[in-house]
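The next block is upload-v9.cif, given as mmCIF, C-alpha atoms.
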data_target
loop_
_atom_site.label_atom_id
_atom_site.label_comp_id
_atom_site.auth_asym_id
_atom_site.auth_seq_id
_atom_site.Cartn_x
_atom_site.Cartn_y
_atom_site.Cartn_z
CA SER A 143 -27.52 2.34 -15.72
CA PHE A 144 -23.91 1.89 -16.81
CA LYS A 145 -24.47 -1.86 -17.52
CA LEU A 146 -21.04 -3.43 -17.38
CA ARG A 147 -21.80 -6.32 -19.74
CA SER A 148 -18.24 -7.36 -20.50
CA LYS A 149 -16.67 -9.96 -18.25
CA ALA A 150 -13.30 -8.32 -18.90
CA GLN A 151 -14.65 -5.00 -17.64
CA VAL A 152 -15.92 -6.60 -14.46
CA GLU A 153 -12.62 -8.41 -13.83
CA ALA A 154 -10.63 -5.22 -14.38
CA LEU A 155 -12.80 -3.15 -12.05
CA LYS A 156 -13.42 -5.63 -9.25
CA HIS A 157 -10.26 -4.61 -7.40
CA PHE A 158 -11.47 -1.01 -7.32
CA THR A 159 -15.05 -1.58 -6.22
CA VAL A 160 -16.63 -2.20 -2.84
CA ALA A 161 -17.89 -5.64 -1.82
CA PRO A 162 -21.63 -4.89 -2.39
CA VAL A 163 -20.96 -4.12 -6.06
CA ARG A 164 -18.66 -7.12 -6.51
CA GLU A 165 -21.28 -9.46 -5.02
CA ILE A 166 -24.01 -8.23 -7.36
CA TYR A 167 -21.88 -8.83 -10.45
CA ALA A 168 -20.62 -12.19 -9.20
CA ASP A 169 -24.24 -13.41 -9.04
CA ALA A 170 -25.20 -11.94 -12.41
CA ALA A 171 -25.74 -13.99 -15.58
CA PRO A 172 -22.63 -14.00 -17.80
CA PRO A 173 -22.54 -11.96 -21.03
CA GLY A 174 -24.28 -13.80 -23.86
CA ALA A 175 -26.63 -15.72 -21.56
CA PRO A 176 -30.25 -16.25 -22.74
CA ARG A 177 -32.57 -13.29 -22.21
CA GLU A 178 -34.59 -15.15 -19.56
CA ARG A 179 -31.43 -15.49 -17.47
CA ARG A 180 -30.19 -11.95 -17.94
CA GLY A 181 -33.23 -10.14 -16.55
CA ARG A 182 -32.42 -6.76 -15.00
CA ALA A 183 -28.96 -5.21 -15.12
CA PRO A 184 -26.96 -6.31 -12.06
CA GLU A 185 -26.51 -2.76 -10.79
CA ASP A 186 -30.31 -2.35 -10.72
CA ASN A 187 -30.37 -4.89 -7.87
CA LEU A 188 -28.04 -2.85 -5.69
CA ALA A 189 -30.68 -0.51 -4.28
CA GLU A 190 -32.00 -1.88 -1.00
CA GLN A 191 -32.92 -1.00 2.56
CA ARG A 192 -30.59 -2.52 5.15
CA HIS A 193 -30.00 -2.35 8.89
CA VAL A 194 -26.63 -0.59 8.94
CA THR A 195 -24.23 0.60 11.62
CA SER A 196 -22.62 3.91 10.62
CA VAL A 197 -19.32 5.30 11.87
CA PHE A 198 -18.00 8.80 11.21
CA VAL A 199 -14.40 9.58 12.19
CA MET A 200 -13.01 13.13 12.38
CA VAL A 201 -9.21 13.23 12.34
CA ARG A 202 -7.38 16.14 13.98
CA GLY A 203 -3.71 16.95 13.51
CA LEU A 204 -3.36 16.77 9.72
CA ASP A 205 -3.84 20.46 8.93
CA ASP A 206 -0.12 21.22 8.66
CA ALA A 207 0.48 18.15 6.49
CA LEU A 208 -2.32 19.17 4.13
CA GLU A 209 -1.03 22.75 3.89
CA ARG A 210 2.52 21.52 3.15
CA GLY A 211 1.29 18.92 0.68
CA ASP A 212 2.75 16.15 2.84
CA LEU A 213 0.71 13.38 1.29
CA GLU A 214 2.82 10.67 2.89
CA ARG A 215 1.49 11.56 6.33
CA VAL A 216 -2.06 11.75 4.98
CA GLN A 217 -1.58 8.33 3.36
CA GLU A 218 -0.34 6.91 6.67
CA CYS A 219 -3.54 8.13 8.31
CA PHE A 220 -5.72 6.65 5.57
CA ALA A 221 -3.89 3.31 5.63
CA THR A 222 -4.23 3.12 9.42
CA ILE A 223 -7.98 3.75 9.34
CA ASN A 224 -8.48 1.34 6.44
CA LEU A 225 -6.57 -1.40 8.26
CA CYS A 226 -8.66 -0.91 11.40
CA VAL A 227 -11.89 -1.10 9.37
CA LYS A 228 -10.83 -4.28 7.57
CA ASP A 229 -9.66 -5.82 10.84
CA ARG A 230 -13.24 -5.61 12.14
CA GLY A 231 -14.90 -6.60 8.85
CA GLY A 232 -16.35 -3.22 7.91
CA MET A 233 -16.36 -1.16 4.70
CA LEU A 234 -14.54 2.16 4.43
CA ARG A 235 -16.80 4.21 2.19
CA GLN A 236 -15.01 7.57 2.15
CA PHE A 237 -11.89 9.38 3.31
CA ILE A 238 -12.44 13.04 2.55
CA VAL A 239 -11.63 16.64 3.48
CA ASP A 240 -14.73 18.79 3.91
CA ASP A 241 -15.99 21.63 6.09
CA LYS A 242 -15.47 19.44 9.18
CA GLY A 243 -11.85 18.66 8.26
CA VAL A 244 -10.49 15.18 7.51
CA VAL A 245 -13.34 12.70 7.85
CA ALA A 246 -13.56 8.94 7.30
CA ILE A 247 -16.90 7.15 6.91
CA ALA A 248 -17.30 3.41 7.53
CA PHE A 249 -20.25 1.02 7.54
CA PHE A 250 -21.02 -2.36 9.04
CA GLY A 251 -24.04 -4.25 7.74
CA VAL A 252 -23.83 -3.63 3.99
CA ARG A 253 -23.44 -6.56 1.58
CA GLY A 254 -20.18 -8.38 2.13
CA HIS A 255 -19.65 -6.67 5.50
CA SER A 256 -22.58 -7.89 7.60
CA PHE A 257 -22.40 -9.87 10.83
CA GLU A 258 -24.64 -10.70 13.76
CA ASP A 259 -22.58 -8.34 15.93
CA ASN A 260 -22.23 -5.33 13.60
CA GLU A 261 -22.66 -2.85 16.44
CA TRP A 262 -19.98 -4.53 18.53
CA ARG A 263 -17.57 -4.55 15.60
CA ALA A 264 -18.19 -0.86 14.93
CA VAL A 265 -17.55 0.00 18.58
CA ARG A 266 -14.33 -2.01 18.61
CA PHE A 267 -13.27 -0.32 15.36
CA THR A 268 -13.60 3.16 16.86
CA LEU A 269 -11.57 2.23 19.92
CA SER A 270 -8.83 0.66 17.83
CA VAL A 271 -8.63 3.60 15.42
CA VAL A 272 -8.41 6.10 18.31
CA ARG A 273 -5.54 4.09 19.76
CA ALA A 274 -3.79 3.56 16.40
CA LEU A 275 -3.94 7.20 15.28
CA ARG A 276 -2.60 8.31 18.63
CA ARG A 277 0.62 6.48 17.81
CA TRP A 278 0.99 8.76 14.77
CA GLY A 279 0.45 11.85 16.91
CA LEU A 280 -3.12 12.28 15.65
CA GLN A 281 -6.38 12.64 17.55
CA CYS A 282 -9.86 11.69 16.40
CA ASN A 283 -13.50 11.76 17.42
CA CYS A 284 -16.13 9.25 16.31
CA GLY A 285 -19.90 8.97 16.13
CA VAL A 286 -21.60 5.55 15.95
CA THR A 287 -25.28 4.93 15.19
CA VAL A 288 -27.47 2.12 13.88
CA GLY A 289 -30.67 2.14 11.84
CA GLU A 290 -32.34 1.52 8.50
CA GLY A 291 -30.69 3.10 5.48
CA PHE A 292 -30.80 3.12 1.71
CA CYS A 293 -27.83 1.25 0.25
CA GLY A 294 -27.13 1.62 -3.45
CA LEU A 295 -25.64 3.66 -6.27
CA VAL A 296 -26.02 7.44 -6.32
CA GLY A 297 -25.00 9.87 -9.04
CA ALA A 298 -25.17 9.93 -12.81
CA PRO A 299 -25.31 6.70 -14.86
CA ARG A 300 -21.69 7.02 -15.99
CA ARG A 301 -20.32 8.52 -12.81
CA CYS A 302 -21.76 7.08 -9.64
CA GLU A 303 -20.71 5.61 -6.32
CA TYR A 304 -22.01 3.22 -3.69
CA ALA A 305 -23.53 5.08 -0.76
CA VAL A 306 -25.59 4.59 2.39
CA MET A 307 -28.17 7.24 3.26
CA GLY A 308 -30.70 7.71 6.04
CA PRO A 309 -31.43 9.49 9.33
CA SER A 310 -29.10 7.22 11.33
CA VAL A 311 -26.23 8.04 8.96
CA ASN A 312 -26.83 11.76 9.44
CA LEU A 313 -26.99 11.27 13.21
CA SER A 314 -23.62 9.55 13.19
CA ALA A 315 -22.07 12.69 11.72
CA ARG A 316 -23.84 14.82 14.34
CA LEU A 317 -22.48 12.65 17.17
CA MET A 318 -18.96 12.88 15.75
CA ALA A 319 -19.17 16.68 15.73
CA ALA A 320 -20.65 16.73 19.25
CA ALA A 321 -17.84 14.53 20.59
CA ALA A 322 -15.23 16.82 19.02
CA LYS A 323 -16.89 19.89 20.49
CA ALA A 324 -17.23 18.47 24.01
CA GLY A 325 -13.74 16.93 24.12
CA GLU A 326 -14.55 14.63 27.03
CA HIS A 327 -14.96 11.28 25.26
CA PRO A 328 -13.42 10.52 21.85
CA VAL A 329 -16.39 8.35 20.83
CA TYR A 330 -20.13 9.02 21.09
CA VAL A 331 -22.69 6.28 20.41
CA ASP A 332 -26.46 6.39 20.30
CA GLU A 333 -28.84 4.48 22.57
CA ARG A 334 -29.41 1.58 20.16
CA VAL A 335 -25.70 0.94 19.71
CA GLU A 336 -25.21 0.97 23.48
CA ARG A 337 -28.10 -1.45 24.00
CA ARG A 338 -27.06 -3.89 21.26
CA THR A 339 -23.44 -3.89 22.40
CA ARG A 340 -24.42 -4.62 25.99
CA GLU A 341 -26.27 -7.70 24.73
CA THR A 342 -23.02 -9.28 23.50
CA SER A 343 -20.88 -11.63 25.59
CA GLN A 344 -17.92 -9.24 25.33
CA GLN A 345 -19.67 -6.09 26.50
CA ARG A 346 -17.42 -6.02 29.57
CA LEU A 347 -14.61 -4.80 27.33
CA CYS A 348 -16.32 -1.45 26.78
CA GLY A 349 -17.47 1.22 29.16
CA PHE A 350 -20.54 3.32 28.34
CA HIS A 351 -21.07 6.61 30.15
CA PRO A 352 -24.53 8.24 29.85
CA LEU A 353 -24.25 11.90 28.87
CA GLU A 354 -26.64 14.79 28.60
CA PRO A 355 -28.93 14.34 25.57
CA ILE A 356 -27.94 16.52 22.63
CA GLN A 357 -30.11 18.52 20.25
CA ALA A 358 -29.01 17.20 16.87
CA LYS A 359 -29.79 19.05 13.65
CA GLY A 360 -32.64 17.35 11.80
CA PHE A 361 -34.02 15.60 14.90
CA ALA A 362 -36.98 17.05 16.79
CA ALA A 363 -36.34 15.34 20.13
CA PRO A 364 -33.06 15.41 22.08
CA VAL A 365 -30.89 12.38 21.31
CA LYS A 366 -29.60 10.13 24.10
CA VAL A 367 -25.85 9.62 23.79
CA PHE A 368 -23.17 7.64 25.57
CA GLY A 369 -19.46 8.27 25.82
CA LEU A 370 -17.39 5.19 25.03
CA THR A 371 -14.21 4.11 26.79
CA GLU A 372 -12.02 1.03 26.48
CA MET A 373 -11.38 -1.26 29.42
CA VAL A 374 -7.78 -2.34 30.01
CA GLU A 375 -8.49 -6.03 29.40
CA ALA A 376 -9.82 -5.16 25.93
CA ARG A 377 -6.25 -4.84 24.69
CA ALA A 378 -5.93 -8.62 24.58
CA PRO A 379 -6.69 -10.34 21.20
CA SER A 380 -10.37 -11.19 20.93
CA ALA A 381 -12.63 -13.38 18.79
CA ASP A 382 -14.44 -10.55 17.05
CA ARG A 383 -11.91 -10.22 14.22
CA ARG A 384 -13.21 -10.80 10.73
CA GLY A 385 -11.96 -14.30 10.05
CA GLY A 386 -14.17 -15.99 7.48
CA GLY A 387 -15.71 -13.00 5.72
CA GLY A 388 -18.99 -11.17 5.89
CA GLY A 389 -22.38 -12.44 4.88
CA ALA A 390 -25.16 -10.81 3.03
#

Take the structure from the file and write it as structure tokens.
Amino acid sequence: SFKLRSKAQVEALKHFTVAPVREIYADAAPPGAPRERRGRAPEDNLAEQRHVTSVFVMVRGLDDALERGDLERVQECFATINLCVKDRGGMLRQFIVDDKGVVAIAFFGVRGHSFEDNEWRAVRFTLSVVRALRRWGLQCNCGVTVGEGFCGLVGAPRRCEYAVMGPSVNLSARLMAAAAKAGEHPVYVDERVERRTRETSQQRLCGFHPLEPIQAKGFAAPVKVFGLTEMVEARAPSADRRGGGGGA
């Protein structure tokens, strides 16, 4: 473990770390505390299984900007997605360019970003980011799933990052790709997200359209999916904004 023992180190890095890491160090014994208080290194307590809602977002329309080196347009896209994630109380884990193109990955349910209505917040995030990116002339497709996942640090002791891994995370990426390929609905959600969202008092603000099950890589049985649409009345301000901060 990298064992950040210095309070100065923690203070300097806290603005560049995700909430789960900040929470662990905030609860840790201060440097110089008696051995019985220090116990394990704070980062050793990060590894845990959590019920997490995963969102993958594939952005289309940035190819020319990337080829020209127009980083201002790319930054506008990143800032827009990040603002939409924060507005709903989630954590933006990555904004990357890979074999699928420009992809953003967000989570709801990790430390510091967990609520009773994580699925609802994730659904609202996808609808808001689709609408917001459209104003910049960009299109996107999203996949939303929920399930148990490993949450913790991955990588080498001196070069690691906070990640969430598990079958539901992989499925979210598969749904994103399926939505982009089909082109009918910008957002695909799995059966559990649809069911949990329908249980909320604000489910009327979303429309779920059952689609043909898809054969997702890594899953033996076909996966039930729903296309997501936004109802007109959903444009009004609602009470699902972050407000007082996420719990553990």

>> Taking the file as I've supplied it (selection: the PyMOL selection byres ((chain A and resi 222-232) around 9)), which residues are included? Please answer as a ChimeraX atom specification.
In response: /A:217-221,233-234,246,248-252,254-257,260,263-264,266-268,270-271,274-275,382-385,387-388

> Of the candidates A:Leu370, A:Ala305, A:Ala358, A:Val245, which one gets nearest to A:Tyr330 if we count all atoms listed in the file?
Replying inline: A:Leu370

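Going from atom CA of A:Asn312 to atom CA of A:Ser196 covers 9.0 Å.
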
>> On this structure, the PyMOL selection byres ((chain A and resi 290) around 8) would catch which residues? List them as a ChimeraX atom specification, sorted by chain and number.
In response: /A:191-194,288-289,291-292,308,310

> Which distance in Å separates atom CA of A:Val311 and atom CA of A:Phe350, to one decimal?
Replying inline: 20.7 Å

> Hey, which of A:Arg273, A:Lys366, A:Arg210, A:Arg202 ends up closest to A:Gly243? Count only C-alpha atoms.
Replying inline: A:Arg202

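The two atoms in question, atom CA of A:Met200 and atom CA of A:Cys302, are spaced 24.5 Å apart.
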
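Of the listed residues A:Thr159, A:Val201, A:Gln236, A:Lys242, the one whose atoms come nearest to A:Val306 is A:Gln236, with distances taken using only C-alpha atoms.
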
How big is the axis-aligned box, and where does its centre sit, when it encloses all atoms of stretch 355-373 of chain A listed in the file and has 5 Å added on every side, reported in Å to one decimal as JSON?
{"center_x": -24.2, "center_y": 8.9, "center_z": 20.6, "size_x": 35.6, "size_y": 30.3, "size_z": 27.6}

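Distances from A:Arg340, A:Ala321, A:Val296, A:Asp206 to A:Glu354 were compared using only C-alpha atoms, and the smallest one belongs to A:Ala321.
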
> Near A:Leu269, within 12 Å and counting all atoms listed in the file, which residues show up once chain neighbours fewer than 5 positions away are dropped, as number ranges by chain?
Replying inline: A: 197, 199, 223, 226-227, 230, 262-264, 274-276, 281-286, 327-331, 347-349, 369-374, 376-377

>> Env of A:Glu261: 7 Å cut, atoms = all atoms listed in the file, seq-sep filter 5 positions within chain, self excluded. Answer as a PyMOL selection string.
In response: chain A and resi 195+335+338-339

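Of the listed residues (A:Glu326, A:Glu303, A:Glu214, A:Glu336), A:Glu303 comes nearest to A:Arg235; the distances count all atoms listed in the file.
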
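Here the question is which of A:Ser343, A:Ile356, A:Thr287, A:Leu213 gets nearest to A:Val265 using only C-alpha atoms, and that residue is A:Thr287.
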